[in-house]
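**Q** The structure follows.
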Amino acid sequence: MDERPMIEGLPTGIRFPDGKEEEKKYEIDPRLLVWIKNNVEGCPQTLEEFAGITRLDRWKVNRSRSTKGYETPSWLIMKRGDFSMIGEMRELQYLRLQEVEIDDFSFLTRCKKLEVLDLQHTNFADLRLLSNLPELKKVYLPPRSQMIHTEVLDELLKKGEVPKVEVPEPFFKDEDFQDMQIVDGKNVTLSYEGDRRVRNVQVDFAGKEPSAWREFCYEDEDCWLLLEEEQRKQMTEQLADAVLNDRVHSFFLSQEPWAEGHYLCAEFAGGWAALFYDTGDGEACYSIYNADYDTVEILAPVEVGGQSPVPKMMATEDMGLVVKVMKHFLETGQLCPGTMWVKEGEDGDGETDPELRESEALQMDATDSFIAYCGIEIIPDGERCCTRVKVEPRHHNQYGIVHGGLLYTMADTAAGYTARKLTKSPVTLNSDFHCISNVPSGVLTTRTEIVKAGKHILLLRVRVLAEEETLLAEGTFTYYSDGKDHDV
């Protein structure tokens with residue numbers, strides 16, 4: 001359901017319980033108002049009705065198409081970032097606020113009847129606020145490294161069973177990033193086969209596309225390079241305006257004709273942007289550097305591809321900076337001088353023995369931070385590749401079973417390496433993945449089947465199995481190759 005109020009600011013004529021018309025105006029974040037409407041299947045019209053709310057789940061979905069009873073009272077004023085109305089919910093017993101950043105959590109101190117509080121994947125930090133919640137039975141917190149006044153947490157943990165406290169291990173650990181470097185964009189030279197120009201642009205707009213983008217042919221290999229200069233300027237300005245006004249989900253600005261690598265990418269969520277340049281061949285990756293954070297253990301709301309978390313150290317809230325970097329890259333194909341970047345990986349200037357490249361690539365991925373965290377083992381199997389994982393608690397979703405993202409990553413990794421064994425420089429055209437069953441523990445493996453291996457098109461099927469026998473998921477992966485070695 002779209003997180004926008006259905007009907008805003010309509011006068012309702014509602015009076016408050018004391019019989020007097022309420023003159024005071026209350027401010028509320030529009031996202032919070034939608035969550036409230038989803039939870040109570042309507043909109044509270046009085047402070048008494050707000051106070052009576054017992055459960056607020058940010059992820060509650062309301063599938064009703066009716067607009068009856070959802071009118072927003074005129075005494076509620078929309079104000080982005082204001083979540084103080086939660087403090088008016090004096091009967092609130094369950095509160096789940098995930099994937100949201102809030103400047104002021106002090107409203108919690110007024111929710112004296114809270115029994116379950118889920119603040120994982122938020123920017124909650126001040127643990128002293130928990131001392132004012134006498135009925136708390138379960139609390140789910142962000143990683144310890146994010147929080148202050150941890151002595152309160154230590155006291156809670158000493159109590160044992162009540163309240164039950166869950167503090168997750170950080171997704172990333174600083175020791176996994178010991179070889180990263182901080183570099184100035186002016187000291188980085190980027191190109192694809194010696195060409196610095198941006199050739200292909202892909203943008204996922206949030207909502208209606210700007211006028212100049214509506215006829216843009218994304219399918220052409222050199223779709224950006226083929227445009228007239230004036231048209232590129234107009235589209236650049238409209239893209240910049242969309243970024244500044246939170247109307248873009250992601251963009252890819254690539255020096256390759258097919259946009260599979262050598263791209264500057266930005267993904268947006270929760271007021272944050274993950275901005276990075278990736279060669280696509282594992283040699284080097286540059287992520288925007290956020291000097292306000294000196295640890296990778298604190299995550300931003302944005303996730304690359306919807307499943308790979310990004311540390312705040314490698315993300316930004318400054319959309320003006322994103323626009324500056326984006327405009328400079330579209331004009332020059334280079335990172336903007338004066339901007340700082342986190343560099344991971346090494347530049348590969350020399351030639352590599354093709355016979356050694358595959359084994360080195362397998363070793364590289366085995367030690368890559370994300371694959372290492374997942375615990376994925378890559379197993380050569382003749383002309384195929386398979387993968388294996390021993391399930392650990394970190395692999396679980398909120399239901400205590402294996403997260404679907406792990407199943408897909410195992411299959412995608414197996415298919416990708418099989419494709420590289422069978423053809424030169426394959427690029428992904430499509431994937432179709434289905435989750436069938438699940439388990440809480442055990443050893444997971446994949447089996448890769450070659451369905452079709454043509455001159456240019458490769459079709460693979462991968463099954464994910466538990467203990468070598470129970471089918472958990474399966475998918476098909478389609479790759480294209482032009483038959484040339486692009487030094488991958």
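Chain labels A, B, ... are given in the sequence in which chains occur in the structure tokens; within each chain residues are numbered consecutively from 1, and ligands are likewise numbered from 1 in the order shown.
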Give me the residues within 9 Å of stretch 58-60 of chain A as a list in words, counting only C-alpha atoms and dropping any in the same chain fewer than 6 places off.

**A**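 Within the cut-off, the hits are Leu32, Trp35, Ile36, Asn38, Asn39, Leu95, Arg96, Leu97, Gln98 and Glu99 of chain A.
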
**Q** Out of stretch 90-333 of chain A, which residues get helix (DSSP H, G or I) from DSSP, as a ChimeraX atom specification?

**A** /A:106-110,127-132,144-146,150-158,174-177,185-187,211-213,229-244,312-314,319-332

**Q** Between atom CA of A:Phe477 and atom CA of A:Val451, what is the distance, to one decimal in Å?

**A**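 Separation between atom CA of A:Phe477 and atom CA of A:Val451: 9.8 Å.
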
**Q** Any idea what's packed within 10 Å of A:Thr470, counting only C-alpha atoms, ignoring anything in its chain fewer than 3 positions away? Could you give it as number ranges by chain?

**A** A: 436-439, 444, 463-467, 473

**Q** Can you pull out every residue from stretch 95-305 of chain A that DSSP, working from the backbone, puts in strand (DSSP E), and format the result as an mmCIF file with N, CA, C and O atoms, in the first residue's frame?

**A**
data_model
loop_
_atom_site.group_PDB
_atom_site.id
_atom_site.type_symbol
_atom_site.label_atom_id
_atom_site.label_comp_id
_atom_site.auth_asym_id
_atom_site.auth_seq_id
_atom_site.Cartn_x
_atom_site.Cartn_y
_atom_site.Cartn_z
ATOM 1 N N LEU A 95 5.398 -2.258 19.552
ATOM 2 C CA LEU A 95 5.865 -1.237 18.609
ATOM 3 C C LEU A 95 7.016 -1.796 17.791
ATOM 4 O O LEU A 95 8.044 -2.210 18.333
ATOM 5 N N ARG A 96 6.824 -1.813 16.487
ATOM 6 C CA ARG A 96 7.866 -2.290 15.573
ATOM 7 C C ARG A 96 8.160 -1.198 14.549
ATOM 8 O O ARG A 96 7.305 -0.852 13.732
ATOM 9 N N VAL A 116 6.589 -5.123 23.974
ATOM 10 C CA VAL A 116 7.493 -5.584 22.919
ATOM 11 C C VAL A 116 7.915 -4.373 22.096
ATOM 12 O O VAL A 116 7.076 -3.622 21.595
ATOM 13 N N LEU A 117 9.220 -4.192 21.951
ATOM 14 C CA LEU A 117 9.769 -3.047 21.228
ATOM 15 C C LEU A 117 10.822 -3.542 20.252
ATOM 16 O O LEU A 117 11.828 -4.136 20.645
ATOM 17 N N ASP A 118 10.597 -3.318 18.949
ATOM 18 C CA ASP A 118 11.525 -3.761 17.902
ATOM 19 C C ASP A 118 12.090 -2.531 17.197
ATOM 20 O O ASP A 118 11.395 -1.864 16.436
ATOM 21 N N LYS A 138 10.179 -7.773 25.864
ATOM 22 C CA LYS A 138 11.093 -8.128 24.786
ATOM 23 C C LYS A 138 11.529 -6.841 24.094
ATOM 24 O O LYS A 138 10.708 -5.970 23.830
ATOM 25 N N VAL A 139 12.828 -6.756 23.790
ATOM 26 C CA VAL A 139 13.329 -5.600 23.064
ATOM 27 C C VAL A 139 14.387 -6.061 22.064
ATOM 28 O O VAL A 139 15.279 -6.846 22.399
ATOM 29 N N TYR A 140 14.252 -5.608 20.834
ATOM 30 C CA TYR A 140 15.172 -5.946 19.752
ATOM 31 C C TYR A 140 15.896 -4.662 19.349
ATOM 32 O O TYR A 140 15.260 -3.704 18.914
ATOM 33 N N LYS A 164 13.599 -9.806 27.751
ATOM 34 C CA LYS A 164 14.463 -10.518 26.827
ATOM 35 C C LYS A 164 15.044 -9.506 25.845
ATOM 36 O O LYS A 164 14.306 -8.770 25.197
ATOM 37 N N VAL A 165 16.362 -9.453 25.754
ATOM 38 C CA VAL A 165 17.041 -8.458 24.930
ATOM 39 C C VAL A 165 17.796 -9.161 23.809
ATOM 40 O O VAL A 165 18.557 -10.101 24.056
ATOM 41 N N GLU A 166 17.570 -8.712 22.579
ATOM 42 C CA GLU A 166 18.303 -9.258 21.439
ATOM 43 C C GLU A 166 19.119 -8.146 20.797
ATOM 44 O O GLU A 166 18.571 -7.147 20.324
ATOM 45 N N GLN A 181 41.166 1.573 1.334
ATOM 46 C CA GLN A 181 41.874 2.838 1.280
ATOM 47 C C GLN A 181 40.880 3.966 1.087
ATOM 48 O O GLN A 181 39.843 3.788 0.453
ATOM 49 N N ILE A 182 41.204 5.166 1.612
ATOM 50 C CA ILE A 182 40.407 6.366 1.372
ATOM 51 C C ILE A 182 41.141 7.190 0.331
ATOM 52 O O ILE A 182 42.298 7.591 0.544
ATOM 53 N N VAL A 183 40.512 7.446 -0.810
ATOM 54 C CA VAL A 183 41.174 8.138 -1.917
ATOM 55 C C VAL A 183 40.330 9.308 -2.389
ATOM 56 O O VAL A 183 39.110 9.324 -2.243
ATOM 57 N N ASP A 184 40.997 10.307 -2.966
ATOM 58 C CA ASP A 184 40.330 11.455 -3.573
ATOM 59 C C ASP A 184 39.963 11.101 -5.012
ATOM 60 O O ASP A 184 40.762 10.492 -5.738
ATOM 61 N N ASN A 200 26.007 4.127 -21.653
ATOM 62 C CA ASN A 200 24.688 3.567 -21.372
ATOM 63 C C ASN A 200 24.201 4.081 -20.019
ATOM 64 O O ASN A 200 24.942 4.074 -19.045
ATOM 65 N N VAL A 201 22.953 4.515 -19.947
ATOM 66 C CA VAL A 201 22.363 5.028 -18.717
ATOM 67 C C VAL A 201 21.045 4.300 -18.454
ATOM 68 O O VAL A 201 20.221 4.154 -19.356
ATOM 69 N N GLN A 202 20.880 3.830 -17.223
ATOM 70 C CA GLN A 202 19.647 3.180 -16.800
ATOM 71 C C GLN A 202 19.164 3.876 -15.531
ATOM 72 O O GLN A 202 19.941 4.034 -14.580
ATOM 73 N N VAL A 203 17.900 4.283 -15.476
ATOM 74 C CA VAL A 203 17.347 4.967 -14.309
ATOM 75 C C VAL A 203 16.008 4.335 -13.945
ATOM 76 O O VAL A 203 15.164 4.100 -14.810
ATOM 77 N N ASP A 204 15.833 4.059 -12.654
ATOM 78 C CA ASP A 204 14.552 3.586 -12.133
ATOM 79 C C ASP A 204 13.942 4.731 -11.328
ATOM 80 O O ASP A 204 14.334 4.990 -10.192
ATOM 81 N N PHE A 205 13.000 5.445 -11.951
ATOM 82 C CA PHE A 205 12.367 6.579 -11.292
ATOM 83 C C PHE A 205 11.274 6.093 -10.338
ATOM 84 O O PHE A 205 10.628 5.065 -10.572
ATOM 85 N N VAL A 248 13.824 8.971 -7.216
ATOM 86 C CA VAL A 248 14.644 7.991 -7.935
ATOM 87 C C VAL A 248 14.925 6.809 -7.010
ATOM 88 O O VAL A 248 15.310 7.003 -5.861
ATOM 89 N N HIS A 249 14.707 5.604 -7.525
ATOM 90 C CA HIS A 249 15.077 4.400 -6.784
ATOM 91 C C HIS A 249 16.553 4.057 -7.009
ATOM 92 O O HIS A 249 17.254 3.675 -6.072
ATOM 93 N N SER A 250 17.028 4.203 -8.261
ATOM 94 C CA SER A 250 18.418 3.868 -8.566
ATOM 95 C C SER A 250 18.782 4.409 -9.936
ATOM 96 O O SER A 250 17.910 4.707 -10.756
ATOM 97 N N PHE A 251 20.090 4.546 -10.170
ATOM 98 C CA PHE A 251 20.564 4.830 -11.528
ATOM 99 C C PHE A 251 21.903 4.144 -11.754
ATOM 100 O O PHE A 251 22.664 3.897 -10.816
ATOM 101 N N PHE A 252 22.178 3.803 -13.031
ATOM 102 C CA PHE A 252 23.436 3.209 -13.463
ATOM 103 C C PHE A 252 23.950 4.038 -14.635
ATOM 104 O O PHE A 252 23.249 4.200 -15.643
ATOM 105 N N LEU A 253 25.162 4.536 -14.508
ATOM 106 C CA LEU A 253 25.804 5.315 -15.565
ATOM 107 C C LEU A 253 27.045 4.543 -15.986
ATOM 108 O O LEU A 253 28.043 4.516 -15.268
ATOM 109 N N SER A 254 26.986 3.893 -17.141
ATOM 110 C CA SER A 254 28.012 2.911 -17.496
ATOM 111 C C SER A 254 28.850 3.337 -18.688
ATOM 112 O O SER A 254 28.354 3.939 -19.650
ATOM 113 N N TYR A 263 30.444 0.954 -14.108
ATOM 114 C CA TYR A 263 29.338 1.896 -13.941
ATOM 115 C C TYR A 263 29.423 2.631 -12.614
ATOM 116 O O TYR A 263 29.935 2.123 -11.623
ATOM 117 N N LEU A 264 28.925 3.864 -12.629
ATOM 118 C CA LEU A 264 28.657 4.596 -11.400
ATOM 119 C C LEU A 264 27.202 4.334 -11.059
ATOM 120 O O LEU A 264 26.308 4.619 -11.857
ATOM 121 N N CYS A 265 26.977 3.781 -9.882
ATOM 122 C CA CYS A 265 25.633 3.377 -9.486
ATOM 123 C C CYS A 265 25.219 4.117 -8.228
ATOM 124 O O CYS A 265 26.047 4.378 -7.349
ATOM 125 N N ALA A 266 23.957 4.453 -8.138
ATOM 126 C CA ALA A 266 23.391 4.999 -6.902
ATOM 127 C C ALA A 266 22.084 4.282 -6.616
ATOM 128 O O ALA A 266 21.264 4.100 -7.522
ATOM 129 N N GLU A 267 21.903 3.858 -5.380
ATOM 130 C CA GLU A 267 20.637 3.285 -4.937
ATOM 131 C C GLU A 267 20.174 4.077 -3.722
ATOM 132 O O GLU A 267 20.983 4.452 -2.872
ATOM 133 N N PHE A 268 18.856 4.319 -3.643
ATOM 134 C CA PHE A 268 18.309 5.233 -2.658
ATOM 135 C C PHE A 268 17.274 4.535 -1.778
ATOM 136 O O PHE A 268 16.482 3.724 -2.266
ATOM 137 N N ALA A 269 17.265 4.869 -0.486
ATOM 138 C CA ALA A 269 16.236 4.396 0.435
ATOM 139 C C ALA A 269 16.375 5.148 1.750
ATOM 140 O O ALA A 269 17.491 5.406 2.218
ATOM 141 N N TRP A 272 18.809 8.020 2.297
ATOM 142 C CA TRP A 272 20.232 7.723 2.103
ATOM 143 C C TRP A 272 20.477 7.251 0.676
ATOM 144 O O TRP A 272 19.568 6.752 0.006
ATOM 145 N N ALA A 273 21.726 7.384 0.237
ATOM 146 C CA ALA A 273 22.135 6.888 -1.078
ATOM 147 C C ALA A 273 23.420 6.090 -0.939
ATOM 148 O O ALA A 273 24.360 6.527 -0.262
ATOM 149 N N ALA A 274 23.446 4.909 -1.546
ATOM 150 C CA ALA A 274 24.687 4.151 -1.701
ATOM 151 C C ALA A 274 25.222 4.501 -3.087
ATOM 152 O O ALA A 274 24.572 4.230 -4.096
ATOM 153 N N LEU A 275 26.387 5.107 -3.133
ATOM 154 C CA LEU A 275 26.947 5.625 -4.383
ATOM 155 C C LEU A 275 28.307 4.965 -4.595
ATOM 156 O O LEU A 275 29.200 5.104 -3.756
ATOM 157 N N PHE A 276 28.474 4.229 -5.695
ATOM 158 C CA PHE A 276 29.734 3.524 -5.897
ATOM 159 C C PHE A 276 30.030 3.317 -7.375
ATOM 160 O O PHE A 276 29.122 3.314 -8.214
ATOM 161 N N TYR A 277 31.302 3.156 -7.671
ATOM 162 C CA TYR A 277 31.758 2.805 -9.016
ATOM 163 C C TYR A 277 32.312 1.392 -8.957
ATOM 164 O O TYR A 277 33.150 1.072 -8.108
ATOM 165 N N ASP A 278 31.854 0.543 -9.874
ATOM 166 C CA ASP A 278 32.253 -0.860 -9.877
ATOM 167 C C ASP A 278 32.732 -1.232 -11.272
ATOM 168 O O ASP A 278 32.036 -0.993 -12.269
ATOM 169 N N ALA A 284 38.320 -3.678 -8.688
ATOM 170 C CA ALA A 284 38.268 -2.542 -7.765
ATOM 171 C C ALA A 284 36.847 -2.023 -7.675
ATOM 172 O O ALA A 284 36.083 -2.080 -8.643
ATOM 173 N N CYS A 285 36.515 -1.499 -6.503
ATOM 174 C CA CYS A 285 35.216 -0.870 -6.293
ATOM 175 C C CYS A 285 35.447 0.366 -5.443
ATOM 176 O O CYS A 285 36.212 0.336 -4.474
ATOM 177 N N TYR A 286 34.796 1.474 -5.813
ATOM 178 C CA TYR A 286 34.917 2.730 -5.089
ATOM 179 C C TYR A 286 33.540 3.113 -4.548
ATOM 180 O O TYR A 286 32.603 3.294 -5.317
ATOM 181 N N SER A 287 33.433 3.234 -3.221
ATOM 182 C CA SER A 287 32.188 3.650 -2.572
ATOM 183 C C SER A 287 32.379 5.030 -1.975
ATOM 184 O O SER A 287 33.456 5.348 -1.456
ATOM 185 N N ILE A 288 31.335 5.857 -2.030
ATOM 186 C CA ILE A 288 31.436 7.196 -1.456
ATOM 187 C C ILE A 288 31.793 7.088 0.025
ATOM 188 O O ILE A 288 31.304 6.200 0.730
ATOM 189 N N LEU A 299 24.817 0.345 9.881
ATOM 190 C CA LEU A 299 24.279 0.228 8.532
ATOM 191 C C LEU A 299 23.331 1.369 8.192
ATOM 192 O O LEU A 299 22.614 1.887 9.048
ATOM 193 N N ALA A 300 23.330 1.736 6.921
ATOM 194 C CA ALA A 300 22.381 2.714 6.393
ATOM 195 C C ALA A 300 21.098 1.991 5.985
ATOM 196 O O ALA A 300 21.092 0.769 5.804
ATOM 197 N N PRO A 301 19.987 2.719 5.810
ATOM 198 C CA PRO A 301 18.733 2.063 5.397
ATOM 199 C C PRO A 301 18.790 1.477 3.993
ATOM 200 O O PRO A 301 18.039 0.556 3.672
ATOM 201 N N VAL A 302 19.664 1.993 3.149
ATOM 202 C CA VAL A 302 19.715 1.551 1.758
ATOM 203 C C VAL A 302 20.457 0.226 1.661
ATOM 204 O O VAL A 302 21.411 -0.032 2.387
ATOM 205 N N GLU A 303 19.987 -0.647 0.745
ATOM 206 C CA GLU A 303 20.624 -1.931 0.491
ATOM 207 C C GLU A 303 20.826 -2.094 -1.010
ATOM 208 O O GLU A 303 19.914 -1.833 -1.797
ATOM 209 N N VAL A 304 22.008 -2.495 -1.422
ATOM 210 C CA VAL A 304 22.301 -2.682 -2.842
ATOM 211 C C VAL A 304 21.542 -3.892 -3.356
ATOM 212 O O VAL A 304 21.640 -4.977 -2.790
#

**Q** Give me, please, the distance in Å between atom CA of A:Ala415 and atom CA of A:Cys386, quoted to one decimal.

**A**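 Value for the atom CA of A:Ala415-atom CA of A:Cys386 distance: 7.9 Å.
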
**Q** Can you measure atom CA of A:Gly416 to atom CA of A:Leu458 for me? One decimal in Å is fine.

**A** 10.8 Å

**Q** Within 10 Å of A:Asp318, counting only C-alpha atoms, which residues qualify if same-chain residues fewer than 2 places away don't, as a short mmCIF file (atom, residue, chain, number, x, y, z; two decimals) with N, CA, C and O atoms, in the first residue's frame?

**A**
data_model
loop_
_atom_site.label_atom_id
_atom_site.label_comp_id
_atom_site.auth_asym_id
_atom_site.auth_seq_id
_atom_site.Cartn_x
_atom_site.Cartn_y
_atom_site.Cartn_z
N LEU A 244 17.12 15.11 -6.04
CA LEU A 244 16.96 16.05 -4.94
C LEU A 244 15.57 15.97 -4.31
O LEU A 244 15.40 16.34 -3.14
N GLY A 271 16.12 8.17 2.70
CA GLY A 271 16.87 9.41 2.76
C GLY A 271 18.37 9.24 2.59
O GLY A 271 19.13 10.20 2.74
N TRP A 272 18.81 8.02 2.30
CA TRP A 272 20.23 7.72 2.10
C TRP A 272 20.48 7.25 0.68
O TRP A 272 19.57 6.75 0.01
N ALA A 273 21.73 7.38 0.24
CA ALA A 273 22.14 6.89 -1.08
C ALA A 273 23.42 6.09 -0.94
O ALA A 273 24.36 6.53 -0.26
N ASN A 290 31.83 8.48 3.85
CA ASN A 290 31.13 9.34 4.78
C ASN A 290 31.99 9.50 6.03
O ASN A 290 32.10 8.60 6.86
N ALA A 315 27.95 5.41 2.55
CA ALA A 315 26.68 5.94 2.04
C ALA A 315 26.58 7.40 2.44
O ALA A 315 27.39 7.91 3.22
N THR A 316 25.58 8.10 1.94
CA THR A 316 25.47 9.52 2.23
C THR A 316 24.01 9.94 2.29
O THR A 316 23.15 9.38 1.60
N GLY A 320 22.71 16.59 -2.51
CA GLY A 320 23.45 17.56 -3.31
C GLY A 320 24.79 16.99 -3.76
O GLY A 320 25.23 17.23 -4.89
N LEU A 321 25.45 16.23 -2.87
CA LEU A 321 26.71 15.57 -3.23
C LEU A 321 26.48 14.52 -4.31
O LEU A 321 27.27 14.39 -5.25
N VAL A 322 25.40 13.77 -4.18
CA VAL A 322 25.07 12.76 -5.19
C VAL A 322 24.90 13.41 -6.56
O VAL A 322 25.42 12.93 -7.58
N VAL A 323 24.18 14.53 -6.60
CA VAL A 323 23.96 15.24 -7.87
C VAL A 323 25.29 15.74 -8.43
O VAL A 323 25.55 15.64 -9.63
#

**Q** Can you list, as an NGL selection string, every protein, DNA or RNA residue that comes within 12 Å of A:Thr476 when you count only C-alpha atoms, leaving out same-chain residues fewer than 5 positions away?

**A** :A and (408 or 411-412 or 414-416 or 428-434 or 447-452 or 458-464)

**Q** Would you mind exporting N, CA, C and O atoms of the selected residues as a CSV table (one decimal), in the first residue's frame?

**A**
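Listing of again.csv after writing:
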chain,number,residue,atom,x,y,z
A,408,TYR,N,19.0,-17.5,-2.8
A,408,TYR,CA,19.2,-16.9,-4.2
A,408,TYR,C,20.7,-16.7,-4.4
A,408,TYR,O,21.2,-17.0,-5.5
A,411,ALA,N,22.5,-19.9,-5.4
A,411,ALA,CA,22.1,-20.3,-6.8
A,411,ALA,C,22.8,-19.3,-7.8
A,411,ALA,O,23.4,-19.8,-8.8
A,412,ASP,N,22.7,-18.1,-7.5
A,412,ASP,CA,23.3,-17.1,-8.5
A,412,ASP,C,24.8,-17.2,-8.6
A,412,ASP,O,25.4,-17.2,-9.7
A,414,ALA,N,26.5,-20.1,-8.0
A,414,ALA,CA,26.8,-21.3,-8.8
A,414,ALA,C,26.6,-21.1,-10.3
A,414,ALA,O,27.4,-21.6,-11.1
A,415,ALA,N,25.5,-20.5,-10.6
A,415,ALA,CA,25.2,-20.2,-12.1
A,415,ALA,C,26.3,-19.3,-12.7
A,415,ALA,O,26.7,-19.6,-13.8
A,416,GLY,N,26.7,-18.3,-12.0
A,416,GLY,CA,27.6,-17.3,-12.6
A,416,GLY,C,29.0,-18.0,-12.9
A,416,GLY,O,29.6,-17.8,-13.9
A,428,THR,N,24.5,-11.4,-17.4
A,428,THR,CA,23.2,-11.9,-17.1
A,428,THR,C,22.1,-11.2,-17.9
A,428,THR,O,22.1,-10.0,-17.9
A,429,LEU,N,21.2,-12.0,-18.5
A,429,LEU,CA,20.1,-11.4,-19.2
A,429,LEU,C,18.8,-11.5,-18.3
A,429,LEU,O,18.0,-10.6,-18.3
A,430,ASN,N,18.7,-12.6,-17.6
A,430,ASN,CA,17.5,-12.8,-16.8
A,430,ASN,C,17.7,-13.9,-15.8
A,430,ASN,O,18.5,-14.8,-15.9
A,431,SER,N,16.9,-13.8,-14.7
A,431,SER,CA,16.8,-14.9,-13.7
A,431,SER,C,15.4,-15.1,-13.2
A,431,SER,O,14.7,-14.1,-13.1
A,432,ASP,N,15.0,-16.3,-13.0
A,432,ASP,CA,13.7,-16.6,-12.5
A,432,ASP,C,13.8,-17.6,-11.3
A,432,ASP,O,14.3,-18.7,-11.5
A,433,PHE,N,13.5,-17.2,-10.1
A,433,PHE,CA,13.8,-18.0,-8.9
A,433,PHE,C,12.5,-18.3,-8.1
A,433,PHE,O,11.7,-17.4,-7.9
A,434,HIS,N,12.4,-19.5,-7.6
A,434,HIS,CA,11.2,-19.9,-6.8
A,434,HIS,C,11.6,-20.6,-5.5
A,434,HIS,O,12.4,-21.5,-5.5
A,447,ARG,N,22.9,-27.7,-7.0
A,447,ARG,CA,23.3,-28.5,-8.2
A,447,ARG,C,22.9,-27.7,-9.4
A,447,ARG,O,21.8,-27.2,-9.6
A,448,THR,N,23.9,-27.7,-10.3
A,448,THR,CA,23.8,-26.8,-11.5
A,448,THR,C,23.6,-27.7,-12.8
A,448,THR,O,24.3,-28.7,-13.0
A,449,GLU,N,22.6,-27.4,-13.6
A,449,GLU,CA,22.3,-28.1,-14.8
A,449,GLU,C,22.4,-27.2,-16.0
A,449,GLU,O,21.9,-26.1,-16.0
A,450,ILE,N,23.1,-27.7,-17.0
A,450,ILE,CA,23.2,-26.9,-18.2
A,450,ILE,C,22.0,-27.3,-19.1
A,450,ILE,O,21.9,-28.4,-19.7
A,451,VAL,N,21.1,-26.3,-19.3
A,451,VAL,CA,19.9,-26.6,-20.1
A,451,VAL,C,20.2,-26.3,-21.6
A,451,VAL,O,19.8,-27.1,-22.5
A,452,LYS,N,20.9,-25.2,-21.9
A,452,LYS,CA,21.2,-24.9,-23.3
A,452,LYS,C,22.5,-24.1,-23.3
A,452,LYS,O,22.7,-23.2,-22.5
A,458,LEU,N,23.2,-18.8,-23.1
A,458,LEU,CA,23.4,-19.9,-22.1
A,458,LEU,C,22.3,-19.9,-21.1
A,458,LEU,O,22.0,-18.9,-20.5
A,459,LEU,N,21.7,-21.1,-21.0
A,459,LEU,CA,20.6,-21.2,-20.0
A,459,LEU,C,20.9,-22.3,-19.0
A,459,LEU,O,21.2,-23.4,-19.4
A,460,LEU,N,20.9,-21.9,-17.7
A,460,LEU,CA,21.3,-22.8,-16.6
A,460,LEU,C,20.1,-23.0,-15.6
A,460,LEU,O,19.4,-22.0,-15.4
A,461,ARG,N,20.0,-24.1,-15.0
A,461,ARG,CA,19.1,-24.3,-14.0
A,461,ARG,C,19.8,-24.7,-12.7
A,461,ARG,O,20.7,-25.6,-12.8
A,462,VAL,N,19.5,-24.1,-11.6
A,462,VAL,CA,20.2,-24.4,-10.3
A,462,VAL,C,19.1,-24.8,-9.3
A,462,VAL,O,18.1,-24.1,-9.1
A,463,ARG,N,19.4,-25.9,-8.6
A,463,ARG,CA,18.5,-26.3,-7.4
A,463,ARG,C,19.3,-26.2,-6.1
A,463,ARG,O,20.4,-26.5,-6.1
A,464,VAL,N,18.6,-25.7,-5.1
A,464,VAL,CA,19.2,-25.6,-3.8
A,464,VAL,C,18.6,-26.7,-2.9
A,464,VAL,O,17.3,-26.8,-2.8

**Q** Could you name the residues that touch A:Leu76 at 7 Å or less, counting only C-alpha atoms, but leaving out those on the same chain fewer than 5 positions away, as a list in words?

**A**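 What passes the distance filter is Lys25, Tyr26, Glu27 and Ile28 of chain A.
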
**Q** Kindly assemble as JSON lines a list of the stretch 73-173 of chain A residues that lie within 12 Å of stretch 291-297 of chain A, each paired with its nearest atom pair and their distance in Å to one decimal, using only C-alpha atoms, sorted first by chain and then by ascending residue number.

**A**
{"residue": "A:His121", "atom": "CA", "partner": "A:Glu297", "partner_atom": "CA", "distance": 11.9}
{"residue": "A:Pro142", "atom": "CA", "partner": "A:Glu297", "partner_atom": "CA", "distance": 10.1}
{"residue": "A:Pro143", "atom": "CA", "partner": "A:Glu297", "partner_atom": "CA", "distance": 7.6}
{"residue": "A:Arg144", "atom": "CA", "partner": "A:Glu297", "partner_atom": "CA", "distance": 9.2}
{"residue": "A:Ser145", "atom": "CA", "partner": "A:Glu297", "partner_atom": "CA", "distance": 6.9}
{"residue": "A:Gln146", "atom": "CA", "partner": "A:Glu297", "partner_atom": "CA", "distance": 7.7}
{"residue": "A:Met147", "atom": "CA", "partner": "A:Glu297", "partner_atom": "CA", "distance": 11.3}
{"residue": "A:Pro168", "atom": "CA", "partner": "A:Glu297", "partner_atom": "CA", "distance": 10.9}
{"residue": "A:Glu169", "atom": "CA", "partner": "A:Glu297", "partner_atom": "CA", "distance": 9.0}
{"residue": "A:Pro170", "atom": "CA", "partner": "A:Glu297", "partner_atom": "CA", "distance": 5.4}
{"residue": "A:Phe171", "atom": "CA", "partner": "A:Glu297", "partner_atom": "CA", "distance": 6.6}
{"residue": "A:Phe172", "atom": "CA", "partner": "A:Glu297", "partner_atom": "CA", "distance": 5.3}
{"residue": "A:Lys173", "atom": "CA", "partner": "A:Glu297", "partner_atom": "CA", "distance": 5.7}

**Q** Looking at only C-alpha atoms, which of A:Pro380, A:Gly207, A:Pro440, A:Gly185 is the one that sits closest to A:Asn397?

**A**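 Nearest candidate to A:Asn397 out of A:Pro380, A:Gly207, A:Pro440, A:Gly185: A:Pro440.
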
**Q** Leaving out A:Pro426 and any residue of its chain fewer than 3 positions from it, which residues lie within 9 Å of it when counting only C-alpha atoms, given as a list in words?

**A**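 Counting only the stated atoms, we get Gly416, Ala419, Arg420, Leu422, Thr423, His456, Ile457, Leu458, Tyr479, Tyr480, Ser481, Asp482, Gly483 and Val488 of chain A.
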